[in-house]
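K.L.:
Here you go, final-v4.txt (compact mmCIF, C-alpha atoms and all ligand atoms):
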```
# COMPACT_ATOMS: atom_id res chain seq x y z
CA MET A 471 -40.14 -21.69 22.16
CA THR A 472 -40.70 -22.05 18.45
CA ASP A 473 -38.39 -22.93 15.58
CA THR A 474 -38.29 -19.30 14.58
CA ASP A 475 -37.18 -18.14 18.01
CA THR A 476 -33.65 -16.91 17.49
CA HIS A 477 -32.87 -17.18 21.18
CA THR A 478 -33.62 -20.88 20.98
CA ASP A 479 -31.39 -21.15 17.92
CA ARG A 480 -28.51 -19.61 19.79
CA ARG A 481 -29.06 -21.90 22.73
CA ILE A 482 -28.87 -24.96 20.52
CA ASP A 483 -25.88 -23.76 18.56
CA SER A 484 -23.51 -23.44 21.43
CA ASP A 485 -24.33 -24.92 24.79
CA PRO A 486 -24.26 -23.42 27.03
CA ALA A 487 -24.99 -24.05 30.32
CA SER A 488 -26.43 -21.59 28.40
CA GLY A 489 -29.93 -20.89 27.92
CA SER A 490 -31.18 -17.87 26.15
CA ASP A 491 -28.85 -14.92 26.15
CA ALA A 492 -31.78 -12.60 25.83
CA ASN A 493 -32.69 -10.07 28.46
CA ALA A 494 -36.13 -9.95 29.90
CA ASP A 495 -36.23 -6.81 31.91
CA GLY A 496 -36.60 -4.54 28.91
CA ALA A 497 -33.71 -2.22 29.89
CA THR A 498 -33.20 -0.40 26.59
CA ASP A 499 -32.55 3.17 27.68
CA PRO A 500 -29.33 4.10 25.86
CA ASP A 501 -28.34 6.27 28.81
CA ASP A 502 -28.31 3.26 31.09
CA ALA A 503 -24.89 1.93 31.93
CA GLU A 504 -26.34 -1.52 31.28
CA PHE A 505 -27.98 -2.08 27.95
CA ASP A 506 -29.39 -5.03 26.18
CA ALA A 507 -29.57 -5.54 22.45
CA THR A 508 -32.07 -8.38 22.65
CA ALA A 509 -34.59 -7.28 25.25
CA SER A 510 -37.83 -9.20 25.07
CA THR A 511 -41.17 -7.56 25.65
CA ASP A 512 -42.91 -9.95 28.06
CA ASP A 513 -42.14 -10.10 31.78
CA THR A 514 -40.54 -13.54 31.75
CA ILE A 515 -37.49 -13.77 33.97
CA SER A 516 -34.87 -15.25 31.69
CA ILE A 517 -32.36 -17.91 32.68
CA ALA A 518 -29.40 -15.89 31.38
CA ASN A 519 -28.59 -12.35 30.33
CA PRO A 520 -25.19 -10.92 29.37
CA ALA A 521 -24.45 -7.56 31.04
CA LEU A 522 -22.58 -5.38 28.57
CA SER A 523 -21.56 -1.83 29.42
CA GLU A 524 -20.82 1.34 27.46
CA ASP A 525 -17.19 0.68 28.22
CA ALA A 526 -17.28 -2.47 26.09
CA VAL A 527 -18.83 -0.48 23.24
CA SER A 528 -16.16 2.22 23.32
CA ARG A 529 -13.37 -0.38 23.46
CA VAL A 530 -14.84 -2.14 20.41
CA GLU A 531 -15.10 1.22 18.63
CA SER A 532 -11.41 1.86 19.31
CA VAL A 533 -10.50 -1.49 17.76
CA LEU A 534 -12.67 -0.72 14.74
CA GLU A 535 -10.99 2.67 14.33
CA ASP A 536 -7.58 1.10 14.74
CA GLY A 537 -8.43 -1.43 12.04
CA MET A 538 -6.58 -4.45 13.45
CA LEU A 539 -9.59 -6.73 13.69
CA ALA A 540 -8.07 -10.20 13.89
CA ASP A 541 -5.20 -11.24 16.19
CA GLY A 542 -3.13 -8.37 17.60
CA PRO A 543 -2.19 -6.26 20.63
CA GLU A 544 -5.76 -6.19 21.98
CA VAL A 545 -5.74 -10.00 22.18
CA ARG A 546 -2.28 -9.99 23.83
CA ALA A 547 -3.53 -7.47 26.41
CA PHE A 548 -6.60 -9.59 27.17
CA GLU A 549 -4.43 -12.69 27.57
CA SER A 550 -2.07 -10.91 29.91
CA GLU A 551 -4.89 -9.47 32.05
CA PHE A 552 -6.66 -12.84 32.29
CA ALA A 553 -3.40 -14.60 33.24
CA THR A 554 -2.88 -12.04 36.02
CA TYR A 555 -6.45 -12.56 37.21
CA CYS A 556 -5.88 -16.33 37.49
CA ASP A 557 -2.39 -15.86 38.93
CA VAL A 558 -0.69 -17.89 36.19
CA SER A 559 2.18 -17.03 33.89
CA HIS A 560 0.47 -17.64 30.53
CA ALA A 561 -2.87 -17.30 28.78
CA VAL A 562 -3.67 -18.20 25.16
CA ALA A 563 -6.92 -16.82 23.75
CA THR A 564 -9.00 -18.99 21.40
CA SER A 565 -12.16 -18.74 19.32
CA ASN A 566 -14.32 -20.54 21.93
CA GLY A 567 -14.18 -22.92 24.90
CA THR A 568 -14.29 -26.04 22.75
CA THR A 569 -11.28 -24.97 20.69
CA ALA A 570 -9.49 -24.03 23.93
CA LEU A 571 -10.00 -27.58 25.23
CA HIS A 572 -8.92 -29.16 21.95
CA ALA A 573 -5.81 -26.97 21.62
CA ALA A 574 -4.87 -27.55 25.27
CA LEU A 575 -5.11 -31.33 24.85
CA GLU A 576 -2.92 -31.11 21.73
CA ALA A 577 -0.46 -28.93 23.66
CA LEU A 578 -0.41 -31.46 26.51
CA GLY A 579 0.69 -34.07 23.98
CA VAL A 580 -2.48 -36.20 23.79
CA GLU A 581 -2.29 -38.69 20.93
CA GLU A 582 -4.31 -41.36 19.19
CA GLY A 583 -4.60 -44.41 21.46
CA ASP A 584 -4.52 -42.31 24.65
CA ALA A 585 -7.43 -42.07 27.05
CA VAL A 586 -8.50 -39.13 29.23
CA VAL A 587 -10.88 -39.35 32.22
CA THR A 588 -13.72 -36.85 32.29
CA SER A 589 -17.21 -36.26 33.66
CA PRO A 590 -20.27 -37.68 31.92
CA PHE A 591 -22.33 -34.88 33.48
CA SER A 592 -21.21 -31.86 31.49
CA PHE A 593 -21.74 -30.05 28.22
CA VAL A 594 -20.73 -32.40 25.41
CA ALA A 595 -17.70 -30.25 24.50
CA SER A 596 -15.74 -31.62 27.48
CA ALA A 597 -15.70 -35.12 25.96
CA ASN A 598 -15.80 -34.01 22.31
CA ALA A 599 -12.47 -32.21 22.76
CA ILE A 600 -10.87 -35.48 23.86
CA ARG A 601 -12.19 -37.19 20.73
CA LEU A 602 -11.07 -34.28 18.54
CA ALA A 603 -7.55 -34.81 19.90
CA GLY A 604 -7.76 -38.45 18.73
CA ALA A 605 -8.10 -39.92 22.23
CA THR A 606 -10.86 -41.83 24.03
CA PRO A 607 -12.95 -40.18 26.76
CA VAL A 608 -13.34 -42.46 29.77
CA PHE A 609 -16.18 -41.47 32.05
CA ALA A 610 -15.98 -41.60 35.83
CA ASP A 611 -19.10 -40.96 37.91
CA VAL A 612 -19.83 -37.69 39.70
CA ASP A 613 -20.28 -36.88 43.36
CA PRO A 614 -24.04 -36.68 44.12
CA ASP A 615 -23.72 -33.42 46.10
CA THR A 616 -21.36 -31.39 43.92
CA TYR A 617 -22.01 -33.01 40.49
CA THR A 618 -18.26 -32.89 39.84
CA LEU A 619 -15.91 -35.84 39.27
CA ASP A 620 -15.84 -38.23 42.23
CA PRO A 621 -12.16 -38.88 43.07
CA ASP A 622 -12.94 -42.45 44.21
CA ALA A 623 -14.52 -43.20 40.84
CA VAL A 624 -11.49 -41.67 39.10
CA ALA A 625 -9.16 -43.79 41.23
CA ASP A 626 -11.06 -46.92 40.12
CA VAL A 627 -10.64 -45.96 36.45
CA LEU A 628 -6.93 -45.26 36.93
CA ALA A 629 -6.49 -48.65 38.61
CA ALA A 630 -8.35 -50.47 35.84
CA ARG A 631 -6.68 -48.97 32.74
CA ASP A 632 -3.11 -48.34 31.67
CA ASP A 633 -3.85 -45.96 28.78
CA ILE A 634 -4.94 -42.91 30.84
CA VAL A 635 -2.72 -39.89 30.14
CA GLY A 636 -4.77 -37.18 31.83
CA LEU A 637 -7.77 -36.07 33.87
CA LEU A 638 -10.24 -33.47 32.58
CA PRO A 639 -12.39 -32.45 35.57
CA VAL A 640 -15.28 -30.06 34.90
CA HIS A 641 -16.00 -27.22 37.34
CA LEU A 642 -19.73 -27.54 36.84
CA TYR A 643 -22.22 -24.71 37.44
CA GLY A 644 -19.41 -22.51 38.86
CA LEU A 645 -18.17 -24.93 41.54
CA ALA A 646 -14.63 -26.30 41.23
CA ALA A 647 -14.14 -30.06 41.22
CA ASP A 648 -12.26 -31.68 44.12
CA MET A 649 -8.89 -30.49 42.81
CA PRO A 650 -6.79 -31.43 45.86
CA ALA A 651 -7.86 -35.09 45.60
CA LEU A 652 -7.73 -35.18 41.79
CA SER A 653 -4.28 -33.55 41.67
CA ALA A 654 -2.96 -36.06 44.21
CA LEU A 655 -4.28 -38.93 42.06
CA ALA A 656 -2.77 -37.37 38.94
CA ASP A 657 0.61 -37.03 40.67
CA ASP A 658 0.51 -40.66 41.84
CA HIS A 659 -0.21 -41.89 38.31
CA GLY A 660 1.96 -39.42 36.40
CA VAL A 661 -0.93 -38.00 34.36
CA PHE A 662 -1.87 -34.37 33.61
CA VAL A 663 -4.85 -32.40 34.88
CA LEU A 664 -6.69 -30.12 32.46
CA GLU A 665 -9.40 -28.07 34.19
CA ASP A 666 -12.58 -27.47 32.23
CA ALA A 667 -13.25 -24.07 33.81
CA CYS A 668 -15.69 -22.99 31.08
CA GLN A 669 -18.39 -22.42 33.73
CA ALA A 670 -16.29 -21.22 36.65
CA HIS A 671 -14.49 -17.90 35.97
CA GLY A 672 -13.34 -16.63 39.35
CA GLY A 673 -14.18 -19.74 41.41
CA THR A 674 -11.61 -20.75 44.02
CA VAL A 675 -10.43 -23.73 46.06
CA ALA A 676 -8.58 -22.91 49.31
CA GLY A 677 -8.18 -19.36 48.05
CA GLU A 678 -6.57 -20.42 44.75
CA ARG A 679 -8.35 -19.46 41.53
CA VAL A 680 -9.54 -22.05 39.06
CA GLY A 681 -7.32 -21.75 36.03
CA SER A 682 -4.25 -22.20 38.23
CA LEU A 683 -5.06 -25.59 39.77
CA GLY A 684 -3.86 -28.04 37.12
CA ASP A 685 -1.36 -28.32 34.26
CA ALA A 686 -3.69 -26.08 32.23
CA ALA A 687 -7.28 -24.83 32.25
CA CYS A 688 -9.84 -23.75 29.67
CA PHE A 689 -12.50 -21.04 29.78
CA SER A 690 -15.47 -20.19 27.55
CA PHE A 691 -16.81 -16.68 26.95
CA TYR A 692 -20.16 -17.61 25.40
CA PRO A 693 -22.82 -14.94 26.16
CA THR A 694 -24.40 -16.82 29.05
CA LYS A 695 -21.13 -17.40 30.91
CA ASN A 696 -20.02 -15.39 33.97
CA MET A 697 -18.23 -13.09 31.51
CA THR A 698 -18.50 -12.98 27.72
CA THR A 699 -16.79 -11.98 24.49
CA GLY A 700 -19.71 -13.12 22.29
CA GLU A 701 -17.89 -16.28 21.26
CA GLY A 702 -14.45 -16.84 22.74
CA GLY A 703 -12.23 -19.02 24.86
CA LEU A 704 -8.89 -19.06 26.61
CA ILE A 705 -6.27 -21.44 27.99
CA THR A 706 -4.35 -20.66 31.18
CA THR A 707 -1.18 -22.45 32.29
CA ASP A 708 1.97 -22.05 34.31
CA ARG A 709 3.82 -24.46 32.02
CA ASP A 710 5.99 -22.69 29.44
CA ASP A 711 5.99 -25.73 27.12
CA VAL A 712 2.18 -26.02 27.12
CA ALA A 713 1.73 -22.28 26.54
CA GLU A 714 4.14 -22.30 23.62
CA ARG A 715 2.57 -25.33 21.94
CA ALA A 716 -0.99 -24.05 22.51
CA ALA A 717 -0.19 -20.61 21.08
CA SER A 718 1.34 -22.28 18.05
CA TYR A 719 -1.51 -24.79 17.60
CA VAL A 720 -4.20 -22.09 17.55
CA ASN A 721 -2.20 -20.22 14.89
CA HIS A 722 -1.52 -22.93 12.28
CA GLY A 723 1.67 -24.15 13.90
CA ARG A 724 3.49 -20.84 13.60
CA GLU A 725 6.15 -19.90 16.13
CA ALA A 726 5.15 -17.22 18.67
CA ASP A 727 7.29 -14.52 17.04
CA ASP A 728 5.95 -15.32 13.55
CA SER A 729 2.31 -14.31 13.98
CA GLY A 730 1.72 -13.31 10.36
CA GLY A 731 4.43 -15.27 8.57
CA TYR A 732 4.38 -18.52 6.62
CA ASP A 733 6.73 -20.71 8.60
CA HIS A 734 4.63 -23.59 9.93
CA ARG A 735 6.57 -25.83 12.33
CA SER A 736 3.77 -28.19 13.23
CA LEU A 737 0.19 -29.02 12.39
CA GLY A 738 -2.27 -26.52 13.77
CA HIS A 739 -5.56 -24.78 13.31
CA ASN A 740 -7.00 -21.29 13.11
CA TYR A 741 -8.54 -21.11 16.58
CA ARG A 742 -7.63 -17.44 17.13
CA LEU A 743 -9.79 -14.92 19.01
CA THR A 744 -10.63 -11.64 17.24
CA SER A 745 -9.48 -8.27 18.58
CA LEU A 746 -13.12 -7.18 18.72
CA ALA A 747 -13.92 -10.08 21.04
CA ALA A 748 -10.80 -9.38 23.13
CA ALA A 749 -11.91 -5.74 23.55
CA ILE A 750 -15.24 -6.92 24.97
CA GLY A 751 -13.39 -9.45 27.14
CA ARG A 752 -11.14 -6.79 28.68
CA ALA A 753 -14.17 -4.72 29.69
CA GLN A 754 -15.98 -7.81 31.01
CA LEU A 755 -12.97 -9.03 33.00
CA GLU A 756 -12.89 -5.72 34.89
CA ARG A 757 -16.48 -6.37 35.93
CA LEU A 758 -16.18 -10.09 36.64
CA PRO A 759 -15.71 -9.64 40.43
CA GLU A 760 -18.88 -7.52 40.56
CA PHE A 761 -20.80 -10.04 38.40
CA ASN A 762 -19.70 -12.94 40.60
CA GLU A 763 -20.62 -11.08 43.79
CA ALA A 764 -24.10 -10.44 42.37
CA ARG A 765 -24.47 -14.14 41.49
CA ARG A 766 -23.31 -15.16 44.97
CA ASP A 767 -25.66 -12.68 46.60
CA THR A 768 -28.65 -14.05 44.70
CA ALA A 769 -27.55 -17.62 45.52
CA SER A 770 -27.44 -16.93 49.25
CA TYR A 771 -30.82 -15.21 49.02
CA TYR A 772 -32.27 -18.31 47.31
CA ASP A 773 -30.52 -20.58 49.87
CA ARG A 774 -32.20 -18.69 52.70
CA GLU A 775 -35.60 -18.32 51.12
CA LEU A 776 -35.87 -21.84 49.71
CA GLU A 777 -34.52 -23.69 52.73
CA GLY A 778 -37.11 -26.14 53.95
CA VAL A 779 -39.22 -26.15 50.79
CA ALA A 780 -40.42 -29.76 50.67
CA GLY A 781 -39.22 -31.76 47.69
CA LEU A 782 -36.38 -29.41 46.78
CA GLU A 783 -32.64 -29.48 47.57
CA THR A 784 -30.57 -26.31 47.21
CA PRO A 785 -26.97 -26.46 45.88
CA THR A 786 -23.90 -27.24 47.99
CA GLU A 787 -20.84 -25.05 48.54
CA PRO A 788 -18.26 -27.26 50.30
CA ASP A 789 -15.96 -25.69 52.91
CA GLY A 790 -12.97 -24.00 51.32
CA TYR A 791 -14.68 -23.57 47.94
CA ARG A 792 -15.94 -20.34 46.42
CA HIS A 793 -18.85 -21.17 44.12
CA VAL A 794 -19.47 -18.53 41.43
CA TYR A 795 -22.94 -19.81 40.53
CA HIS A 796 -22.77 -19.92 36.78
CA GLN A 797 -25.96 -21.80 37.52
CA TYR A 798 -28.06 -22.02 40.67
CA THR A 799 -29.18 -25.62 40.34
CA VAL A 800 -31.71 -27.25 42.62
CA ARG A 801 -32.53 -30.92 42.69
CA THR A 802 -36.06 -32.29 42.83
CA PRO A 803 -37.85 -35.54 41.98
CA HIS A 804 -40.66 -33.34 40.57
CA ARG A 805 -38.36 -31.65 38.08
CA ASP A 806 -40.42 -31.75 34.88
CA THR A 807 -43.70 -30.76 36.55
CA ALA A 808 -41.94 -27.97 38.43
CA GLN A 809 -40.32 -26.64 35.27
CA GLN A 810 -43.66 -26.50 33.46
CA ALA A 811 -45.38 -24.80 36.40
CA LEU A 812 -42.59 -22.22 36.73
CA SER A 813 -42.78 -21.48 33.03
CA GLU A 814 -46.51 -20.79 33.45
CA ARG A 815 -45.50 -18.26 36.13
CA ASN A 816 -43.07 -16.60 33.67
CA VAL A 817 -39.93 -17.94 35.32
CA GLU A 818 -37.57 -19.45 32.77
CA THR A 819 -35.57 -22.42 34.06
CA ALA A 820 -33.24 -24.85 32.33
CA ILE A 821 -31.96 -28.40 32.59
CA TYR A 822 -28.21 -28.81 32.39
CA TYR A 823 -28.02 -31.62 31.35
CA GLU A 824 -30.99 -33.80 30.55
CA THR A 825 -28.88 -36.39 28.72
CA PRO A 826 -25.51 -37.31 30.20
CA ILE A 827 -22.75 -37.42 27.60
CA HIS A 828 -22.43 -41.21 27.62
CA ARG A 829 -26.13 -41.45 26.65
CA GLN A 830 -25.84 -39.05 23.69
CA PRO A 831 -26.40 -40.60 20.25
CA ALA A 832 -23.02 -39.20 19.20
CA TYR A 833 -21.45 -41.48 21.82
CA GLU A 834 -23.18 -44.71 20.78
CA THR A 835 -20.03 -45.91 19.04
CA ILE A 836 -17.71 -45.02 21.92
CA SER A 837 -17.07 -48.20 23.91
CA THR A 838 -16.45 -46.37 27.19
CA ALA A 839 -19.95 -44.83 27.00
CA ALA A 840 -21.36 -48.15 28.23
CA ALA A 841 -19.99 -47.51 31.74
CA ASP A 842 -22.29 -47.72 34.75
CA LEU A 843 -22.69 -44.11 35.94
CA PRO A 844 -25.69 -44.02 38.31
CA GLN A 845 -25.02 -40.62 39.91
CA ALA A 846 -24.74 -38.87 36.55
CA GLU A 847 -27.98 -40.53 35.44
CA ARG A 848 -29.80 -39.52 38.62
CA ALA A 849 -28.52 -35.95 38.35
CA ALA A 850 -29.74 -35.73 34.76
CA GLU A 851 -33.23 -36.73 35.90
CA THR A 852 -33.50 -34.33 38.83
CA VAL A 853 -31.57 -31.06 38.29
CA LEU A 854 -33.23 -27.74 37.50
CA SER A 855 -31.45 -24.38 37.17
CA LEU A 856 -33.11 -21.15 38.29
CA PRO A 857 -32.22 -17.65 36.99
CA VAL A 858 -29.12 -16.32 38.82
CA HIS A 859 -27.56 -13.90 36.30
CA PRO A 860 -26.18 -10.60 37.60
CA THR A 861 -28.84 -8.37 36.03
CA LEU A 862 -31.71 -9.81 38.10
CA SER A 863 -33.47 -7.10 40.08
CA ASP A 864 -34.61 -7.57 43.70
CA ASP A 865 -38.12 -7.83 42.34
CA ASP A 866 -37.06 -10.57 39.88
CA ARG A 867 -35.45 -12.58 42.68
CA ARG A 868 -38.49 -12.21 44.89
CA ARG A 869 -40.72 -13.35 42.01
CA VAL A 870 -38.53 -16.43 41.46
CA VAL A 871 -38.74 -17.36 45.15
CA ASP A 872 -42.51 -16.77 45.32
CA ALA A 873 -43.06 -18.84 42.19
CA VAL A 874 -40.90 -21.73 43.44
CA ARG A 875 -42.62 -21.78 46.84
CA ASP A 876 -46.03 -21.61 45.23
CA VAL A 877 -45.23 -24.42 42.77
CA PHE A 878 -43.75 -26.76 45.37
CA GLN A 879 -46.62 -26.15 47.79
CA SER A 880 -49.10 -27.37 45.22
CA LEU A 881 -47.14 -30.42 44.03
C1 LIG A 901 -18.38 -27.28 30.77
C2 LIG A 901 -18.21 -26.71 29.39
N1 LIG A 901 -17.16 -27.10 28.66
C3 LIG A 901 -16.93 -26.60 27.43
C4 LIG A 901 -17.76 -25.67 26.86
C5 LIG A 901 -17.51 -25.19 25.47
O1 LIG A 901 -17.44 -23.81 25.35
P1 LIG A 901 -17.92 -23.07 24.01
O2 LIG A 901 -19.41 -23.12 23.94
O3 LIG A 901 -17.39 -21.68 24.17
O4 LIG A 901 -17.26 -23.78 22.88
C6 LIG A 901 -18.87 -25.24 27.59
C7 LIG A 901 -19.79 -24.27 27.09
O5 LIG A 901 -20.42 -23.82 26.58
C8 LIG A 901 -19.12 -25.78 28.88
O6 LIG A 901 -20.18 -25.39 29.59
```
For this file, write the structure as structure tokens.
P.N.:
Amino acid sequence: MTDTDTHTDRRIDSDPASGSDANADGATDPDDAEFDATASTDDTISIANPALSEDAVSRVESVLEDGMLADGPEVRAFESEFATYCDVSHAVATSNGTTALHAALEALGVEEGDAVVTSPFSFVASANAIRLAGATPVFADVDPDTYTLDPDAVADVLAARDDIVGLLPVHLYGLAADMPALSALADDHGVFVLEDACQAHGGTVAGERVGSLGDAACFSFYPTKNMTTGEGGLITTDRDDVAERAASYVNHGREADDSGGYDHRSLGHNYRLTSLAAAIGRAQLERLPEFNEARRDTASYYDRELEGVAGLETPTEPDGYRHVYHQYTVRTPHRDTAQQALSERNVETAIYYETPIHRQPAYETISTAAADLPQAERAAETVLSLPVHPTLSDDDRRRVVDAVRDVFQSL
């Protein structure tokens, strides 16, 4: 990728367990139900590709005709539909996943001098949001099989510090963290749980949807996510107080019934979602079950076809969990060589995340970044994500499997 590659620019700008949001299959026929505005011309299988439908276009057109482009009924409808999907009583839409996390922490009452436990093996936004709320992120190590917060490590942190006010587990790659164990710890210590569900729309634990498993949860709708609004985010919660404060915070501290007025009760921000984005979100939410099924289908195909490939471990789906494969991430000691060889075979892969958060230059001044986190470090050295987006064709999937087998055979 070169400096002038706009796909690369987009990847750097947001995160996102992201990757390019460009399509690679060249599907540009306007009569197709699926279309892609950024189709590339080579036959590289891309790591991510948003699937937008004509329905999203006509919904956006309706909003344009209606003329209410910023906050409004379209956003309220999206919030209500997403809350129903997660089986919670409230949803508050935001401009992106990072602002959702920040607003949720403010709504949960996080203050300067507080500390919140999170994963060092995530997109930097998980920890940045804690700092934006004036608190200190404290990193606990991850489980080596699931890459999500290890409850034993969290218990050690809770025992060692008396300034922890909450836990911020990350449902990484589409797999929920160990919420039963983390919720029990949170209850014992009287701290909140804020789910970072930015990569796990539709995932479940014991049949319960992520978004409903803690005091609140946050989602991102960046183009590479399991569903998109372009840029966008959303907070879900069953707590009336958190919903009220979050809705006010994202709207400059206005009261809920004063959306356009000038009565500002508390400090806030403009973190609102646009109606155009909400229109896309409503169309995408209808298709989320289908997208997740396609991701799961490809994941089980890869599981079957890659089982036994020497030097490669396929991902884990613990009993009782429904993984929604935002990423299909294998682990291998030959990661960098394998990535290069796959790229030469026109299979785009990605590393989420090569540098754990506590090793980021932006965290040099954060005292808790000096923690010993061996599993996060090992994960960062060995993980590699393969294309698993819902617009992969059977031929694409077969090509990925053939390329992986071929590469690992010759290592
Ligand atoms: C785990 C995680 N948390 C937070 C975010 C932030 O979301 P956004 O890029 O929409 O701000 C992202 C994503 O990109 C993410 O992957």
K.L.:
Identify, on the basis of only C-alpha atoms, every residue whose closest approach to region 860-874 of chain A does not exceed 6 Å; exclude the query and any residue fewer than 2 positions from it along the same chain; express the result as a PDB file with C-alpha atoms, in the coordinates of the input.
P.N.:
```pdb
ATOM      1  CA  PHE A 761     -20.800 -10.040  38.400  1.00  0.00           C
ATOM      2  CA  ALA A 764     -24.100 -10.440  42.370  1.00  0.00           C
ATOM      3  CA  ARG A 765     -24.470 -14.140  41.490  1.00  0.00           C
ATOM      4  CA  ASP A 876     -46.030 -21.610  45.230  1.00  0.00           C
ATOM      5  CA  VAL A 877     -45.230 -24.420  42.770  1.00  0.00           C
TER       6      VAL A 877
END
```
K.L.:
Mind listing the residues within 6 Å of ligand LIG 901 (chain A), all atoms listed in the file counted, as a ChimeraX atom specification?
P.N.:
/A:484-487,566-568,592-593,595-596,640,666,668-669,690-692,702-703
K.L.:
Enclose region 721-727 of chain A, meaning all of its atoms listed in the file, in a box aligned along x, y and z, pad it by 5 Å on each side, and list the centre and edge lengths in Å to one decimal, as AutoDock Vina command-line options.
P.N.:
```
--center_x 2.5 --center_y -19.3 --center_z 15.5 --size_x 19.5 --size_y 19.6 --size_z 16.4
```
K.L.:
Neighbours of Tyr555 (chain A) within 10 Å (all atoms listed in the file; same-chain residues fewer than 6 positions away dropped), as a PDB file with C-alpha atoms, in the frame of the given file?
P.N.:
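File written: selection.pdb
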```
ATOM      1  CA  GLU A 549      -4.430 -12.690  27.570  1.00  0.00           C
ATOM      2  CA  HIS A 671     -14.490 -17.900  35.970  1.00  0.00           C
ATOM      3  CA  GLY A 672     -13.340 -16.630  39.350  1.00  0.00           C
ATOM      4  CA  ARG A 679      -8.350 -19.460  41.530  1.00  0.00           C
ATOM      5  CA  GLY A 681      -7.320 -21.750  36.030  1.00  0.00           C
ATOM      6  CA  SER A 682      -4.250 -22.200  38.230  1.00  0.00           C
ATOM      7  CA  LEU A 755     -12.970  -9.030  33.000  1.00  0.00           C
ATOM      8  CA  GLU A 756     -12.890  -5.720  34.890  1.00  0.00           C
TER       9      GLU A 756
END
```
K.L.:
Do you know which residues are at most 10 Å from Val661 (chain A) counting all atoms listed in the file, after dropping those on the same chain fewer than 5 positions away, and could you put them as a ChimeraX atom specification?
P.N.:
/A:586,628,634-637,653,655-656,685
K.L.:
Since we have the selection now, will you write its residues out, keeping C-alpha atoms, as an mmCIF file, keeping the file's coordinate frame?
P.N.:
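Listing of part.cif after writing:
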```cif
data_model
loop_
_atom_site.group_PDB
_atom_site.id
_atom_site.type_symbol
_atom_site.label_atom_id
_atom_site.label_comp_id
_atom_site.auth_asym_id
_atom_site.auth_seq_id
_atom_site.Cartn_x
_atom_site.Cartn_y
_atom_site.Cartn_z
ATOM 1 C CA VAL A 586 -8.500 -39.130 29.230
ATOM 2 C CA LEU A 628 -6.930 -45.260 36.930
ATOM 3 C CA ILE A 634 -4.940 -42.910 30.840
ATOM 4 C CA VAL A 635 -2.720 -39.890 30.140
ATOM 5 C CA GLY A 636 -4.770 -37.180 31.830
ATOM 6 C CA LEU A 637 -7.770 -36.070 33.870
ATOM 7 C CA SER A 653 -4.280 -33.550 41.670
ATOM 8 C CA LEU A 655 -4.280 -38.930 42.060
ATOM 9 C CA ALA A 656 -2.770 -37.370 38.940
ATOM 10 C CA ASP A 685 -1.360 -28.320 34.260
#
```
K.L.:
Between A:Glu851, A:Glu714, A:Asp513, A:Asp632, single out the one closest to Asp584 (chain A), counting all atoms listed in the file.
P.N.:
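Of all the options, A:Asp632 lies closest to Asp584 (chain A).
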K.L.:
In Å, rounded to a single decimal, give me how far CA of Arg752 (chain A) is from CA of Asn740 (chain A).
P.N.:
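For CA of Asn740 (chain A) relative to CA of Arg752 (chain A), the distance reads 21.7 Å.
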K.L.:
Could you give me, as a PDB file with C-alpha atoms, in the coordinates of the input, the residues that have an atom at most 9 Å away from the point (-27.8, -33.5, 32.5) in the coordinates of the file, using all atoms listed in the file?
P.N.:
```pdb
ATOM      1  CA  PRO A 590     -20.270 -37.680  31.920  1.00  0.00           C
ATOM      2  CA  PHE A 591     -22.330 -34.880  33.480  1.00  0.00           C
ATOM      3  CA  SER A 592     -21.210 -31.860  31.490  1.00  0.00           C
ATOM      4  CA  PHE A 593     -21.740 -30.050  28.220  1.00  0.00           C
ATOM      5  CA  ILE A 821     -31.960 -28.400  32.590  1.00  0.00           C
ATOM      6  CA  TYR A 822     -28.210 -28.810  32.390  1.00  0.00           C
ATOM      7  CA  TYR A 823     -28.020 -31.620  31.350  1.00  0.00           C
ATOM      8  CA  GLU A 824     -30.990 -33.800  30.550  1.00  0.00           C
ATOM      9  CA  THR A 825     -28.880 -36.390  28.720  1.00  0.00           C
ATOM     10  CA  PRO A 826     -25.510 -37.310  30.200  1.00  0.00           C
ATOM     11  CA  ILE A 827     -22.750 -37.420  27.600  1.00  0.00           C
ATOM     12  CA  ALA A 846     -24.740 -38.870  36.550  1.00  0.00           C
ATOM     13  CA  GLU A 847     -27.980 -40.530  35.440  1.00  0.00           C
ATOM     14  CA  ARG A 848     -29.800 -39.520  38.620  1.00  0.00           C
ATOM     15  CA  ALA A 849     -28.520 -35.950  38.350  1.00  0.00           C
ATOM     16  CA  ALA A 850     -29.740 -35.730  34.760  1.00  0.00           C
ATOM     17  CA  GLU A 851     -33.230 -36.730  35.900  1.00  0.00           C
ATOM     18  CA  THR A 852     -33.500 -34.330  38.830  1.00  0.00           C
ATOM     19  CA  VAL A 853     -31.570 -31.060  38.290  1.00  0.00           C
TER      20      VAL A 853
END
```
K.L.:
Hey, which of A:Arg815, A:His722, A:Arg774, A:His859 ends up closest to Ala573 (chain A)? Count all atoms listed in the file.
P.N.:
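Selected residue with least distance to Ala573 (chain A): A:His722.
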K.L.:
Just checking: using all atoms listed in the file, which residue out of A:Thr564, A:Thr744, A:Thr838, A:Thr786 ends up closest to Val530 (chain A)?
P.N.:
A:Thr744
K.L.:
Do you know which residues are at most 9 Å from Glu787 (chain A) counting only C-alpha atoms, after dropping those on the same chain fewer than 6 positions away, and could you put them as a VMD selection string?
P.N.:
chain A and resid 616 645 793
K.L.:
Those residues with C-alpha atoms, as an mmCIF file, in the coordinates of the input please?
P.N.:
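Result written to result05.cif:
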```cif
data_model
loop_
_atom_site.group_PDB
_atom_site.id
_atom_site.type_symbol
_atom_site.label_atom_id
_atom_site.label_comp_id
_atom_site.auth_asym_id
_atom_site.auth_seq_id
_atom_site.Cartn_x
_atom_site.Cartn_y
_atom_site.Cartn_z
ATOM 1 C CA THR A 616 -21.360 -31.390 43.920
ATOM 2 C CA LEU A 645 -18.170 -24.930 41.540
ATOM 3 C CA HIS A 793 -18.850 -21.170 44.120
#
```
